[in-house]
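Undergrad: One file is attached below, run35.txt, containing compact mmCIF, C-alpha atoms.
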# COMPACT_ATOMS: atom_id res chain seq x y z
CA MET D 3 76.96 6.80 12.82
CA ILE D 4 74.24 4.47 11.59
CA TYR D 5 71.44 7.06 11.40
CA ILE D 6 73.50 9.24 9.11
CA GLN D 7 74.53 6.26 6.95
CA LEU D 8 70.90 5.23 6.54
CA PHE D 9 69.91 8.79 5.78
CA LEU D 10 72.61 9.25 3.12
CA SER D 11 71.96 5.89 1.46
CA PHE D 12 68.29 6.69 1.04
CA VAL D 13 69.01 10.25 -0.12
CA GLN D 14 70.81 8.61 -3.04
CA ILE D 15 67.91 6.27 -3.70
CA GLY D 16 65.45 9.17 -3.63
CA MET D 17 67.63 11.30 -5.85
CA PHE D 18 68.43 8.84 -8.62
CA SER D 19 65.30 6.75 -8.98
CA PHE D 20 63.55 8.11 -12.02
CA GLY D 21 60.33 6.64 -13.36
CA GLY D 22 58.93 5.53 -10.03
CA GLY D 23 57.87 2.17 -8.70
CA TYR D 24 59.96 -0.73 -9.85
CA ALA D 25 62.52 1.51 -11.50
CA ALA D 26 63.78 2.15 -7.96
CA LEU D 27 64.26 -1.56 -7.18
CA PRO D 28 67.74 -2.14 -8.63
CA LEU D 29 68.95 1.03 -6.96
CA ILE D 30 67.59 -0.02 -3.56
CA GLN D 31 69.04 -3.48 -3.97
CA ASN D 32 72.45 -2.08 -4.83
CA GLN D 33 72.43 0.25 -1.81
CA VAL D 34 71.09 -2.10 0.87
CA THR D 35 72.51 -5.49 -0.16
CA GLU D 36 75.73 -4.68 -1.99
CA ILE D 37 77.11 -1.39 -0.73
CA SER D 38 75.92 -1.61 2.88
CA HIS D 39 75.03 -5.29 3.49
CA TRP D 40 72.03 -4.30 5.57
CA LEU D 41 69.86 -7.03 4.04
CA SER D 42 70.60 -10.42 2.51
CA ILE D 43 69.20 -11.14 -0.96
CA ALA D 44 66.52 -13.35 0.64
CA GLU D 45 65.52 -10.53 2.98
CA PHE D 46 65.45 -8.13 0.07
CA THR D 47 63.07 -10.49 -1.78
CA ASP D 48 60.84 -10.52 1.30
CA LEU D 49 60.90 -6.74 1.28
CA VAL D 50 59.69 -6.71 -2.34
CA THR D 51 56.90 -9.15 -1.49
CA ILE D 52 55.82 -7.07 1.49
CA SER D 53 55.90 -3.93 -0.61
CA GLN D 54 53.54 -5.54 -3.09
CA MET D 55 51.17 -6.47 -0.27
CA THR D 56 51.16 -3.13 1.52
CA PRO D 57 50.25 0.35 0.30
CA GLY D 58 52.72 3.08 -0.47
CA PRO D 59 55.71 3.75 -2.71
CA ILE D 60 58.25 0.93 -2.72
CA ALA D 61 61.13 3.29 -1.87
CA ILE D 62 59.34 4.48 1.29
CA ASN D 63 58.50 0.89 2.22
CA ALA D 64 62.13 -0.09 1.75
CA ALA D 65 63.40 2.87 3.78
CA THR D 66 61.09 2.11 6.70
CA PHE D 67 61.79 -1.63 6.58
CA VAL D 68 65.58 -1.35 6.37
CA GLY D 69 65.75 1.47 8.92
CA MET D 70 63.58 -0.47 11.36
CA LYS D 71 65.68 -3.61 10.99
CA ILE D 72 69.06 -1.88 11.29
CA ALA D 73 68.45 0.77 13.91
CA GLY D 74 64.85 0.55 15.17
CA PHE D 75 62.40 3.43 15.07
CA GLY D 76 65.08 6.13 14.81
CA GLY D 77 66.59 4.30 11.86
CA ALA D 78 63.21 4.07 10.14
CA VAL D 79 62.67 7.80 10.59
CA SER D 80 66.10 8.81 9.28
CA ALA D 81 65.94 6.48 6.26
CA THR D 82 62.43 7.64 5.33
CA LEU D 83 63.39 11.30 5.72
CA GLY D 84 66.39 10.71 3.48
CA CYS D 85 64.21 9.02 0.90
CA VAL D 86 61.75 11.93 0.54
CA LEU D 87 64.19 14.81 0.95
CA PRO D 88 65.40 14.95 -2.69
CA SER D 89 61.80 14.85 -3.92
CA CYS D 90 60.86 17.68 -1.56
CA ILE D 91 63.61 19.93 -2.84
CA ILE D 92 63.49 19.09 -6.56
CA VAL D 93 59.71 18.93 -6.93
CA SER D 94 59.13 22.07 -4.85
CA LEU D 95 61.48 23.84 -7.22
CA LEU D 96 59.65 22.42 -10.25
CA ALA D 97 56.30 23.37 -8.70
CA PHE D 98 57.52 26.92 -8.19
CA ILE D 99 58.73 27.13 -11.79
CA TYR D 100 55.55 25.55 -13.15
CA PHE D 101 53.08 27.76 -11.30
CA ARG D 102 55.10 30.87 -12.03
CA TYR D 103 55.94 30.28 -15.68
CA LYS D 104 53.19 27.97 -16.82
CA ASN D 105 52.12 30.44 -19.49
CA LEU D 106 55.48 30.30 -21.26
CA THR D 107 55.15 28.73 -24.68
CA VAL D 108 58.11 26.40 -24.08
CA LEU D 109 56.53 24.93 -20.96
CA GLN D 110 53.06 24.91 -22.50
CA GLY D 111 54.41 23.10 -25.54
CA ALA D 112 56.22 20.48 -23.47
CA LEU D 113 53.14 19.83 -21.33
CA TRP D 114 50.92 19.73 -24.42
CA ALA D 115 52.96 16.75 -25.66
CA LEU D 116 53.37 15.18 -22.21
CA ARG D 117 49.65 15.04 -21.34
CA PRO D 118 48.67 12.38 -23.91
CA ALA D 119 51.94 10.51 -23.18
CA VAL D 120 51.02 10.38 -19.48
CA VAL D 121 47.60 8.94 -20.35
CA ALA D 122 49.39 6.26 -22.37
CA MET D 123 51.77 5.44 -19.49
CA ILE D 124 48.93 5.12 -17.02
CA ALA D 125 47.05 2.92 -19.51
CA SER D 126 50.12 0.75 -19.94
CA ALA D 127 50.61 0.29 -16.17
CA GLY D 128 46.88 -0.36 -15.76
CA LEU D 129 46.81 -3.02 -18.46
CA ALA D 130 49.75 -4.83 -16.85
CA ILE D 131 47.92 -4.81 -13.49
CA ILE D 132 44.67 -6.08 -15.03
CA ILE D 133 46.42 -8.89 -16.89
CA SER D 134 48.32 -10.01 -13.80
CA ALA D 135 45.05 -9.90 -11.81
CA VAL D 136 42.96 -12.06 -14.15
CA TYR D 137 45.61 -14.25 -15.76
CA ALA D 138 47.59 -16.90 -13.90
CA GLU D 139 50.79 -18.38 -15.24
CA GLY D 140 50.66 -22.07 -16.10
CA ALA D 141 47.72 -24.42 -16.38
CA ASP D 142 45.09 -22.17 -14.79
CA GLY D 143 45.09 -19.58 -17.57
CA VAL D 144 42.38 -16.92 -17.28
CA LYS D 145 40.82 -16.80 -13.83
CA ILE D 146 37.14 -16.32 -14.76
CA TYR D 147 36.13 -15.27 -11.24
CA MET D 148 38.77 -12.52 -11.22
CA ALA D 149 37.63 -11.32 -14.65
CA LEU D 150 34.06 -11.17 -13.32
CA ILE D 151 35.15 -9.21 -10.23
CA PHE D 152 37.03 -6.82 -12.52
CA VAL D 153 34.05 -6.29 -14.86
CA ALA D 154 31.64 -5.83 -11.95
CA ALA D 155 34.00 -3.30 -10.32
CA PHE D 156 34.39 -1.41 -13.59
CA LEU D 157 30.62 -1.16 -14.08
CA VAL D 158 30.05 0.01 -10.50
CA LEU D 159 32.74 2.67 -10.95
CA ARG D 160 31.25 3.86 -14.25
CA SER D 161 27.84 4.18 -12.60
CA GLY D 162 29.49 6.69 -10.26
CA LYS D 163 27.60 5.38 -7.25
CA MET D 164 30.57 4.26 -5.20
CA LYS D 165 33.99 5.66 -4.32
CA PRO D 166 37.06 3.92 -5.80
CA VAL D 167 38.52 2.90 -2.44
CA ALA D 168 35.20 1.32 -1.39
CA VAL D 169 35.09 -0.60 -4.68
CA MET D 170 38.65 -1.86 -4.14
CA VAL D 171 37.92 -3.09 -0.60
CA LEU D 172 34.73 -4.80 -1.82
CA CYS D 173 36.73 -6.60 -4.51
CA GLY D 174 39.06 -7.96 -1.83
CA ALA D 175 36.09 -9.01 0.32
CA ALA D 176 34.47 -10.66 -2.72
CA ARG D 177 37.59 -12.74 -3.30
CA VAL D 178 37.61 -13.89 0.36
CA GLY D 179 33.88 -14.68 0.04
CA LEU D 180 34.50 -16.81 -3.06
CA TYR D 181 37.10 -18.78 -1.12
CA PHE D 182 34.43 -19.83 1.34
CA LEU D 183 32.33 -21.00 -1.62
CA GLY D 184 35.24 -23.22 -2.58
CA ILE D 185 36.71 -21.15 -5.43
CA MET L 25 35.92 27.67 -4.81
CA GLU L 26 36.45 29.48 -1.49
CA ASN L 27 39.90 29.26 0.00
CA GLU L 28 38.85 28.13 3.46
CA LYS L 29 37.24 25.08 1.94
CA LYS L 30 40.60 24.06 0.56
CA SER L 31 41.84 23.48 4.07
CA LEU L 32 45.19 22.00 4.97
CA PHE L 33 43.40 19.43 7.07
CA THR L 34 41.27 18.19 4.16
CA LEU L 35 44.40 18.03 2.02
CA PHE L 36 46.25 16.06 4.70
CA LEU L 37 43.34 13.66 5.25
CA SER L 38 42.83 13.16 1.51
CA THR L 39 46.47 12.27 0.88
CA LEU L 40 46.56 10.09 4.01
CA TYR L 41 43.51 8.18 2.87
CA LEU L 42 44.73 7.79 -0.71
CA SER L 43 48.16 6.65 0.39
CA ALA L 44 46.69 4.08 2.79
CA PHE L 45 44.78 2.44 -0.04
CA THR L 46 47.31 2.67 -2.83
CA PHE L 47 48.48 -0.79 -3.64
CA GLY L 48 50.60 -1.22 -6.72
CA GLY L 49 52.74 1.82 -7.29
CA GLY L 50 52.69 5.41 -8.40
CA TYR L 51 50.23 5.19 -11.27
CA VAL L 52 47.55 3.88 -8.95
CA ILE L 53 47.86 6.84 -6.60
CA VAL L 54 47.76 9.39 -9.41
CA THR L 55 44.53 7.86 -10.72
CA LEU L 56 43.04 7.97 -7.21
CA MET L 57 44.29 11.54 -6.79
CA LYS L 58 42.50 12.44 -9.99
CA GLU L 59 39.26 10.92 -8.68
CA ARG L 60 39.55 12.75 -5.37
CA PHE L 61 40.86 16.19 -6.37
CA VAL L 62 39.30 16.55 -9.82
CA ASN L 63 36.00 14.66 -9.58
CA GLU L 64 35.08 14.85 -5.89
CA LEU L 65 36.61 18.07 -4.55
CA ASN L 66 36.86 20.03 -7.83
CA TRP L 67 40.06 21.67 -6.61
CA ILE L 68 41.77 21.38 -9.97
CA ASP L 69 40.76 20.55 -13.53
CA ASN L 70 41.60 17.51 -15.62
CA LYS L 71 44.16 19.26 -17.79
CA GLU L 72 46.13 20.70 -14.89
CA MET L 73 46.02 17.31 -13.14
CA LEU L 74 47.70 15.76 -16.19
CA ASN L 75 50.30 18.55 -16.16
CA LEU L 76 51.08 17.80 -12.52
CA VAL L 77 51.35 14.06 -13.23
CA ALA L 78 53.73 14.81 -16.10
CA ILE L 79 55.95 16.88 -13.79
CA ALA L 80 55.77 14.26 -11.00
CA GLN L 81 56.87 11.67 -13.55
CA SER L 82 59.77 13.72 -14.80
CA ALA L 83 61.33 14.29 -11.37
CA PRO L 84 63.26 11.68 -9.39
CA GLY L 85 61.72 9.97 -6.37
CA PRO L 86 58.43 8.18 -5.75
CA ILE L 87 55.65 9.43 -8.06
CA ALA L 88 53.18 9.35 -5.16
CA VAL L 89 55.33 11.72 -3.10
CA ASN L 90 56.06 13.98 -6.08
CA GLY L 91 52.38 14.13 -7.01
CA ALA L 92 51.42 14.96 -3.42
CA ILE L 93 53.99 17.78 -3.25
CA LEU L 94 52.67 19.32 -6.49
CA MET L 95 49.04 18.98 -5.45
CA GLY L 96 49.78 20.46 -2.02
CA TYR L 97 51.76 23.31 -3.54
CA LYS L 98 48.95 24.03 -5.99
CA ILE L 99 46.32 24.17 -3.23
CA ARG L 100 48.14 25.94 -0.38
CA GLY L 101 51.76 26.64 -1.35
CA ILE L 102 54.64 25.31 0.76
CA LYS L 103 52.38 24.57 3.73
CA GLY L 104 50.13 22.53 1.50
CA ALA L 105 53.10 20.62 0.13
CA ALA L 106 54.25 19.80 3.68
CA ALA L 107 50.78 18.58 4.69
CA ALA L 108 50.50 16.45 1.54
CA ILE L 109 53.94 14.86 2.03
CA LEU L 110 53.12 14.00 5.64
CA GLY L 111 49.81 12.47 4.60
CA THR L 112 51.45 10.41 1.88
CA VAL L 113 54.38 9.12 3.92
CA LEU L 114 52.65 8.31 7.23
CA PRO L 115 50.54 5.29 6.14
CA PRO L 116 53.34 3.25 4.52
CA PHE L 117 55.66 4.24 7.37
CA ALA L 118 53.24 3.06 10.06
CA ILE L 119 52.23 -0.09 8.20
CA ILE L 120 55.76 -1.23 7.36
CA SER L 121 56.97 -0.47 10.88
CA ALA L 122 54.25 -2.78 12.19
CA VAL L 123 54.67 -5.42 9.49
CA SER L 124 58.44 -5.62 9.94
CA PHE L 125 57.82 -7.22 13.35
CA PHE L 126 55.72 -10.12 12.11
CA TYR L 127 56.21 -10.32 8.38
CA ALA L 128 56.57 -14.11 8.21
CA ALA L 129 53.04 -14.57 9.57
CA PHE L 130 51.71 -11.76 7.38
CA LYS L 131 53.21 -13.21 4.22
CA SER L 132 51.75 -16.69 4.66
CA ASN L 133 48.25 -15.71 5.85
CA ILE L 134 45.71 -17.05 3.34
CA TYR L 135 43.07 -14.36 4.02
CA VAL L 136 45.57 -11.56 3.59
CA SER L 137 46.70 -12.93 0.23
CA LEU L 138 43.10 -13.55 -0.98
CA MET L 139 42.07 -10.03 0.03
CA LEU L 140 45.07 -8.66 -1.86
CA GLU L 141 44.33 -10.80 -4.91
CA GLY L 142 40.78 -9.46 -5.05
CA MET L 143 41.88 -5.87 -4.53
CA GLN L 144 44.18 -6.17 -7.53
CA ALA L 145 41.09 -6.58 -9.76
CA GLY L 146 39.60 -3.50 -8.08
CA VAL L 147 42.77 -1.47 -8.67
CA GLY L 148 42.70 -2.55 -12.33
CA ALA L 149 39.08 -1.41 -12.61
CA VAL L 150 39.85 2.00 -11.08
CA ILE L 151 42.71 2.57 -13.51
CA ALA L 152 40.63 1.36 -16.45
CA SER L 153 37.85 3.76 -15.53
CA VAL L 154 40.16 6.76 -15.11
CA VAL L 155 42.04 5.96 -18.33
CA PHE L 156 38.69 5.74 -20.10
CA ASP L 157 37.87 9.31 -18.99
CA MET L 158 41.34 10.66 -19.78
CA ALA L 159 41.61 9.03 -23.20
CA TYR L 160 38.08 10.13 -24.06
CA SER L 161 38.96 13.75 -23.31
CA VAL L 162 41.95 13.49 -25.68
CA VAL L 163 39.83 11.84 -28.40
CA LYS L 164 37.01 14.35 -27.94
CA SER L 165 39.36 17.30 -28.46
CA ARG L 166 39.92 15.98 -32.01
CA ASN L 167 43.54 16.95 -31.77
CA PHE L 168 45.16 14.58 -34.21
CA ALA L 169 48.76 15.21 -33.07
CA GLN L 170 47.91 14.44 -29.43
CA LEU L 171 46.15 11.24 -30.48
CA ILE L 172 49.26 10.14 -32.34
CA ILE L 173 51.45 10.94 -29.30
CA MET L 174 49.11 8.90 -27.10
CA ALA L 175 49.15 5.89 -29.44
CA LEU L 176 52.91 5.98 -30.03
CA SER L 177 53.69 6.41 -26.33
CA PHE L 178 51.46 3.47 -25.47
CA GLY L 179 53.18 1.29 -28.06
CA ALA L 180 56.62 2.40 -26.87
CA VAL L 181 55.94 1.73 -23.18
CA TYR L 182 53.64 -1.29 -23.32
CA PHE L 183 54.89 -3.25 -26.33
CA ALA L 184 58.45 -2.07 -26.93
CA LYS L 185 59.14 -1.81 -23.13
CA ILE L 186 61.04 1.42 -23.62
CA ASN L 187 61.94 3.16 -20.34
CA VAL L 188 59.35 5.89 -19.64
CA MET L 189 62.16 8.38 -19.07
CA TRP L 190 62.91 8.33 -22.82
CA VAL L 191 59.27 8.83 -23.70
CA ILE L 192 59.13 11.80 -21.35
CA ILE L 193 62.32 13.34 -22.69
CA VAL L 194 61.31 12.94 -26.35
CA CYS L 195 57.78 14.25 -25.81
CA ALA L 196 58.93 17.20 -23.69
CA LEU L 197 61.60 18.22 -26.18
CA TRP L 198 59.36 17.86 -29.20
CA GLY L 199 56.52 19.70 -27.48
CA ALA L 200 58.83 22.50 -26.31
CA VAL L 201 60.27 23.01 -29.80
CA ARG L 202 56.81 22.93 -31.30
CA GLY L 203 55.63 25.44 -28.71
CA VAL L 204 58.43 27.87 -29.51
CA ILE L 205 58.08 27.57 -33.30
CA ASP L 206 54.35 27.92 -33.15
CA GLY L 207 54.31 30.41 -30.31
CA ARG L 208 50.87 31.80 -30.81
CA ARG L 209 49.18 28.43 -30.95
CA LYS L 210 46.22 28.16 -28.62
CA ILE L 211 47.05 25.23 -26.38
Render the structure in this file as structure tokens.

TA:
Amino acid sequence: MIYIQLFLSFVQIGMFSFGGGYAALPLIQNQVTEISHWLSIAEFTDLVTISQMTPGPIAINAATFVGMKIAGFGGAVSATLGCVLPSCIIVSLLAFIYFRYKNLTVLQGALWALRPAVVAMIASAGLAIIISAVYAEGADGVKIYMALIFVAAFLVLRSGKMKPVAVMVLCGAARVGLYFLGI
Amino acid sequence: MENEKKSLFTLFLSTLYLSAFTFGGGYVIVTLMKERFVNELNWIDNKEMLNLVAIAQSAPGPIAVNGAILMGYKIRGIKGAAAAILGTVLPPFAIISAVSFFYAAFKSNIYVSLMLEGMQAGVGAVIASVVFDMAYSVVKSRNFAQLIIMALSFGAVYFAKINVMWVIIVCALWGAVRGVIDGRRKI
């Protein structure tokens, strides 16, 4: 039965994708194009593009997209449920352990070392996003207008006068506005 | 902070709203979660937020979903976790369901792609700002060992392109051993 197949495929994706985001991509590709042939490679590429253009974790996007295509709304629901189920179980367990035993020296020690590492990982992901936003491959090089939007957004955020989501939407609107000015 | 103010509904709406605006993967949503739950709502402090991100990172599955479960659990136990998962999953589910019907048109629309290009700069600015705060709090604590971990981890992930799983495993093990050996350390 297709609902169960979708569910089980995405349980595996949810269970074995460590590291988040693009780490899940090869796993999704393997499941939906090679093991199950639900999508062609071209369709899978479209899925990645759409995931970049829409909010939400790529695994959830993939589950909804594949489920919808293969078995309609019911398929989307079963694939998405499968995708989050392993997280629900494993992380709930970790949450229980953490909140119960967070004063243990072993756990405190591990978290003591992980906190600065997490800051570094977020910084690394952020830097990659900033570079891809302001730098175009090829002849264009640095997109000055994007660098200006970035700096303006950063300063507004540091002033604390506007919420992050509002700043992000304004950045998008600013880019559309520049297009009308011929940039 | 009174318990009734930490309502399930606020938790659900917060995660819904964050998830709807999170373009660009798990790290973006954890920075927005930090803004919302640490800076705006004051439900949890900076240090605990980083602990939760570390756990979310170490478990399989989407970081956004893992982070939401931990945040929900912290605020209102299992019920909170359920509300946070629902809030996080609904926006991408609804949006992709809709987009899957007309994705060719969506993909080639010039205004959609310009809007998204601009928002990328905004996302970068949000992360830069949050990282600035987080790194400053590490620097300010004058804890030399943590500074070294931060610098080495950054070099390993950004320059050497080492899988973050290894960074997590090495840091967790080293920290755990250090914690046991130096059990009475004030952390």

Undergrad: State, in Å with one decimal place, the distance from atom CA of Met170 of chain D to atom CA of Ser134 of chain D.

TA: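 Interatomic distance here is 15.9 Å.
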
Undergrad: Identify which of the residues L:Leu32, L:Met57, L:Ala169, L:Val52 lies closest to Val150 of chain L, counting all atoms listed in the file when measuring atom-to-atom distances.

TA: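 Nearest to Val150 of chain L: L:Val52.
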
Undergrad: Could you please determine the separation between atom CA of Glu59 of chain L and atom CA of Glu72 of chain L in Å, to one decimal place?

TA: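 Between atom CA of Glu59 of chain L and atom CA of Glu72 of chain L the gap is 13.5 Å.
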
Undergrad: Compile the residues of chain L that lie within 6 Å of chain D, evaluated using all atoms listed in the file, and express the compilation as a PyMOL selection string.

TA: chain L and resi 43-47+49+51+74+84-87+94+116-117+138-139+142-146+148-149+151+155+170+174+177-178+182+195-196+199-200+203-204+207

Undergrad: So what do you get for atom CA of Ile173 of chain L versus atom CA of Asn90 of chain L, distance-wise?

TA: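 Pair atom CA of Ile173 of chain L / atom CA of Asn90 of chain L returns 23.9 Å.
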
Undergrad: Could you check which of L:Ala78, L:Val154, L:Ala159, L:Ala108 is closest to Asn63 of chain L, using only C-alpha atoms?

TA: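 Between L:Ala78, L:Val154, L:Ala159, L:Ala108, the residue approaching Asn63 of chain L most closely is L:Val154.
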
Undergrad: Env of Leu110 of chain L: 12 Å cut, atoms = only C-alpha atoms, seq-sep filter 4 positions within chain, self excluded. Answer as a ChimeraX atom specification.

TA: /D:82-83,86,90 /L:32-33,35-41,43,88-89,92-93,96,103-106,114-118
